[in-house]
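Notes for the one structure printed next.
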Amino acid sequence: MKTNSINKIQSGLSNDAYLFTRKTNIHYLLGISNLEGSLLITKNDIIYFTDFRYFEEACNKLTIEVVDFVGKKLECINKHVKKLGINKIYFEKDLPYIQAISNQKFFKTKSISYEMAGSLIEELRIIKTESEIDLIRSSALINDEIFNRLLKEIKIGVTEIELKIFLENQIRKLGGEGSSFDLIVLFGKKTSMPHGVSGDFYLTANTPILIDIGVNYKGYASDMTRTIFFGSPDEDFIEIYEIVKDVQRKALNMVKPGARIKDIDQKVKDVLALKGYILGHSTGHGVGLEIHEAPFINVNNDGILEENMVITIEPGIYLFNKFGVRIEDLVVVTKNGYEILSNIDKELIIV
Ligand SMILES: [Mn+2]
């Protein structure tokens, strides 16, 4: 349980309360995953509401009050809320719209105001604890290992899908729960599509391969991309590869506490623009319980980097109908700079 974070949430409350429903937020606060329920946090109380399916497991795993809501969850929550003198409930920003609206209707009939929360939970989650960083590091280590194992599977005639399935199997063998997103293995021209979908294409000689992979380990994600070459790369490819490698290193060198996030994305876009290329996606994103979470490394973000944020740096150049190159590292912001969690070489790998 994240006692510090819960204390911070409680310190801002009086007759109001937070009601968390999203699994990632509950995982973050309580350290439990794969259960369904709602977490009520008031100034002095923490109550987890769940149903018969998860009740026993929740009782075993949690040291806080667990309530089996039997029947209507909201009615049960309302009873507790009334008893505690709460008149205002904050819901999560990313709660599905339809759920937020119907909950709001319900609480209105009970004279309780039901409002969207501010950014407190996101602000807490954006800075990782040492134990969270350890889990992300473990996730990245598995990611490195499946990449290395994949290299041995790359041969004429193999398909994108076959390589993707190989990666997914290796994740399970190495103790991961699965991939942290739909893994991307692309051959040839398809590498020009930043988020192309792996298909039944056979690998032929002299082909670039884009590999964007991530592991889910104990709920925590990792993310890394390498673009490698099968056969002999021509000068065009090598030139583009070197530009991407160079701009990726320049962006990494800006990563340190106090750096303005927008400056990093702007720098990447400026360097690429000077060479005549436009980067159509942002430079990176935060990684944690979710594969894409705050901070988002783009020109619209007014925030600054802080120690123990975990982010990706992933510039690319995509040449329509020709090929694309992306290089992505997962890094943790340290006291004086950054530590790379994805340790695969960034010199062009030729297989
Ligand atoms: Mn990414």
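In the structure tokens, each chain is lettered A, B, ... as it comes, each chain's residues begin at 1, and ligands are numbered from 1 in order of appearance.
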Quiz item: Would you give me, as a PyMOL selection string, the residues in stretch 69-204 of chain A that DSSP reads as helix (DSSP H, G or I)?
Solution: chain A and resi 73-83+97-109+120-126+130-151+160-173+188-192
Quiz item: Do you know which residues are at most 12 Å from stretch 144-149 of chain A counting only C-alpha atoms, after dropping those on the same chain fewer than 6 positions away, and could you put them as a PyMOL selection string?
Solution: chain A and resi 137-138+163-176+178-179+183+185+210-215+222-228+329-330+340-345+349+351
Practice problem: Using only C-alpha atoms and all ligand atoms, pick whichever of A:Leu120, A:Ile64, A:Val299, A:Ile311 has the shortest atom-to-atom distance to ligand 1. | Solution: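 Result for the nearest residue to ligand 1: A:Ile311.
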Practice problem: Could you give me the residues within 7 Å of ligand 1, counting only C-alpha atoms and all ligand atoms, as a list of chain:residue names? | Solution: A:Asp223, A:Met224, A:Gly284, A:His285, A:Thr312, A:Glu314, A:Glu328
Just to be explicit: take each residue in the selection above, keep C-alpha atoms, and write the result as a PDB file, in the first residue's frame.
```
ATOM      1  CA  ASP A 223       8.787  -0.083 -23.938  1.00  0.00           C
ATOM      2  CA  MET A 224      11.631  -0.178 -26.453  1.00  0.00           C
ATOM      3  CA  GLY A 284       7.936  10.115 -25.897  1.00  0.00           C
ATOM      4  CA  HIS A 285       5.667   9.384 -22.953  1.00  0.00           C
ATOM      5  CA  THR A 312      10.569   7.021 -23.324  1.00  0.00           C
ATOM      6  CA  GLU A 314      11.581   7.673 -29.325  1.00  0.00           C
ATOM      7  CA  GLU A 328      13.233   4.161 -28.516  1.00  0.00           C
TER       8      GLU A 328
END
```
Quiz prompt | Picked from stretch 227-341 of chain A by DSSP as strand (DSSP E), as a PyMOL selection string | solution = chain A and resi 227-230+284-286+293-297+310-313+316-319+323-326+329-333+338-340
Quiz item: Got a sec: who's within 8 Å of A:Tyr338, counting only C-alpha atoms, leaving out chain neighbours fewer than 6 positions off, as an MDAnalysis selection string?
Solution: chainID A and resid 252 255:256 331:332
Prev. selection, N, CA and C atoms, output as a short mmCIF file (atom, residue, chain, number, x, y, z; two decimals), in the first residue's frame:
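Dumped everything to out19.cif:
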```
data_model
loop_
_atom_site.label_atom_id
_atom_site.label_comp_id
_atom_site.auth_asym_id
_atom_site.auth_seq_id
_atom_site.Cartn_x
_atom_site.Cartn_y
_atom_site.Cartn_z
N LEU A 252 18.14 12.49 -25.42
CA LEU A 252 18.52 11.84 -24.15
C LEU A 252 19.38 12.78 -23.31
N VAL A 255 17.71 15.06 -20.93
CA VAL A 255 16.90 14.50 -19.84
C VAL A 255 17.61 14.67 -18.51
N LYS A 256 17.05 15.52 -17.66
CA LYS A 256 17.54 15.69 -16.29
C LYS A 256 16.48 16.48 -15.50
N VAL A 331 13.83 5.34 -20.09
CA VAL A 331 14.81 5.91 -19.16
C VAL A 331 14.14 6.39 -17.88
N VAL A 332 14.92 6.35 -16.81
CA VAL A 332 14.44 6.94 -15.55
C VAL A 332 15.26 8.20 -15.31
#
```
Quiz prompt | Contact residues around A:Leu305 with only C-alpha atoms at 12 Å, ignoring same-chain residues under 6 positions, as a list in words | solution = Ile126, Ile127, Met254, Val255, Lys256, Pro257, Gly258, Ala259, Arg260, Ile261, Lys262, Asp263, Ile264, His285, Gly286, Ala294, Pro295, Phe296, Ile297, Ile311, Val331, Val332, Val333, Thr334, Lys335, Asn336, Gly337 and Tyr338 of chain A
Could you take the residues named above and write them with C-alpha atoms, as an mmCIF file, in the first residue's frame?
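Saved result, selection01.cif, follows:
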```cif
data_model
loop_
_atom_site.group_PDB
_atom_site.id
_atom_site.type_symbol
_atom_site.label_atom_id
_atom_site.label_comp_id
_atom_site.auth_asym_id
_atom_site.auth_seq_id
_atom_site.Cartn_x
_atom_site.Cartn_y
_atom_site.Cartn_z
ATOM 1 C CA ILE A 126 4.125 10.471 -12.274
ATOM 2 C CA ILE A 127 6.966 10.160 -9.725
ATOM 3 C CA MET A 254 18.498 16.874 -22.343
ATOM 4 C CA VAL A 255 16.903 14.500 -19.836
ATOM 5 C CA LYS A 256 17.535 15.693 -16.286
ATOM 6 C CA PRO A 257 15.545 17.156 -13.402
ATOM 7 C CA GLY A 258 14.412 20.692 -14.221
ATOM 8 C CA ALA A 259 14.436 20.218 -18.011
ATOM 9 C CA ARG A 260 11.369 21.669 -19.687
ATOM 10 C CA ILE A 261 9.483 18.823 -21.324
ATOM 11 C CA LYS A 262 8.390 20.901 -24.311
ATOM 12 C CA ASP A 263 12.026 21.827 -25.033
ATOM 13 C CA ILE A 264 12.945 18.174 -25.566
ATOM 14 C CA HIS A 285 5.667 9.384 -22.953
ATOM 15 C CA GLY A 286 5.682 8.281 -19.358
ATOM 16 C CA ALA A 294 2.059 11.192 -17.838
ATOM 17 C CA PRO A 295 4.343 12.912 -18.568
ATOM 18 C CA PHE A 296 3.725 13.106 -22.304
ATOM 19 C CA ILE A 297 6.876 14.416 -23.979
ATOM 20 C CA ILE A 311 9.815 8.150 -19.790
ATOM 21 C CA VAL A 331 14.813 5.907 -19.164
ATOM 22 C CA VAL A 332 14.443 6.936 -15.552
ATOM 23 C CA VAL A 333 15.243 10.533 -14.635
ATOM 24 C CA THR A 334 17.973 10.507 -11.991
ATOM 25 C CA LYS A 335 19.382 13.209 -9.703
ATOM 26 C CA ASN A 336 21.876 14.371 -12.330
ATOM 27 C CA GLY A 337 20.495 13.073 -15.608
ATOM 28 C CA TYR A 338 19.089 9.758 -16.629
#
```
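When only C-alpha atoms are used to compute distances to A:Tyr18, the closest of the residues A:Phe91, A:Phe107, A:Tyr48, A:Phe69 turns out to be A:Phe91.
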Quiz item: So how far away is atom CA of A:Glu293 from atom CA of A:Ile46, in Å?
Solution: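 Computed distance, atom CA of A:Ile46 to atom CA of A:Glu293, equals 25.4 Å.
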Practice problem: Find, counting only C-alpha atoms, the residue in A:Ile184, A:Ile161, A:Ile209, A:Leu84 that gets nearest to A:Asp45. | Solution: A:Leu84
Quiz item: So what do you get for atom CA of A:Gly157 versus atom CA of A:Pro233, distance-wise?
Solution: 18.5 Å
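Distances from A:Lys267, A:His195, A:Lys190, A:Lys155 to A:Lys250 were compared using only C-alpha atoms, and the smallest one belongs to A:Lys267.
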Exercise. State, in Å with one decimal place, the distance from atom CA of A:Gly288 to atom CA of A:Gly303.
Key: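 We find that atom CA of A:Gly288 and atom CA of A:Gly303 lie 17.9 Å from each other.
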Self-check item: Test item: residues at most 7 Å from A:Gly37, only C-alpha atoms, excluding those fewer than 3 positions along its chain, as a list in words
Solution: Thr21, Tyr48, Phe49 and Thr50 of chain A
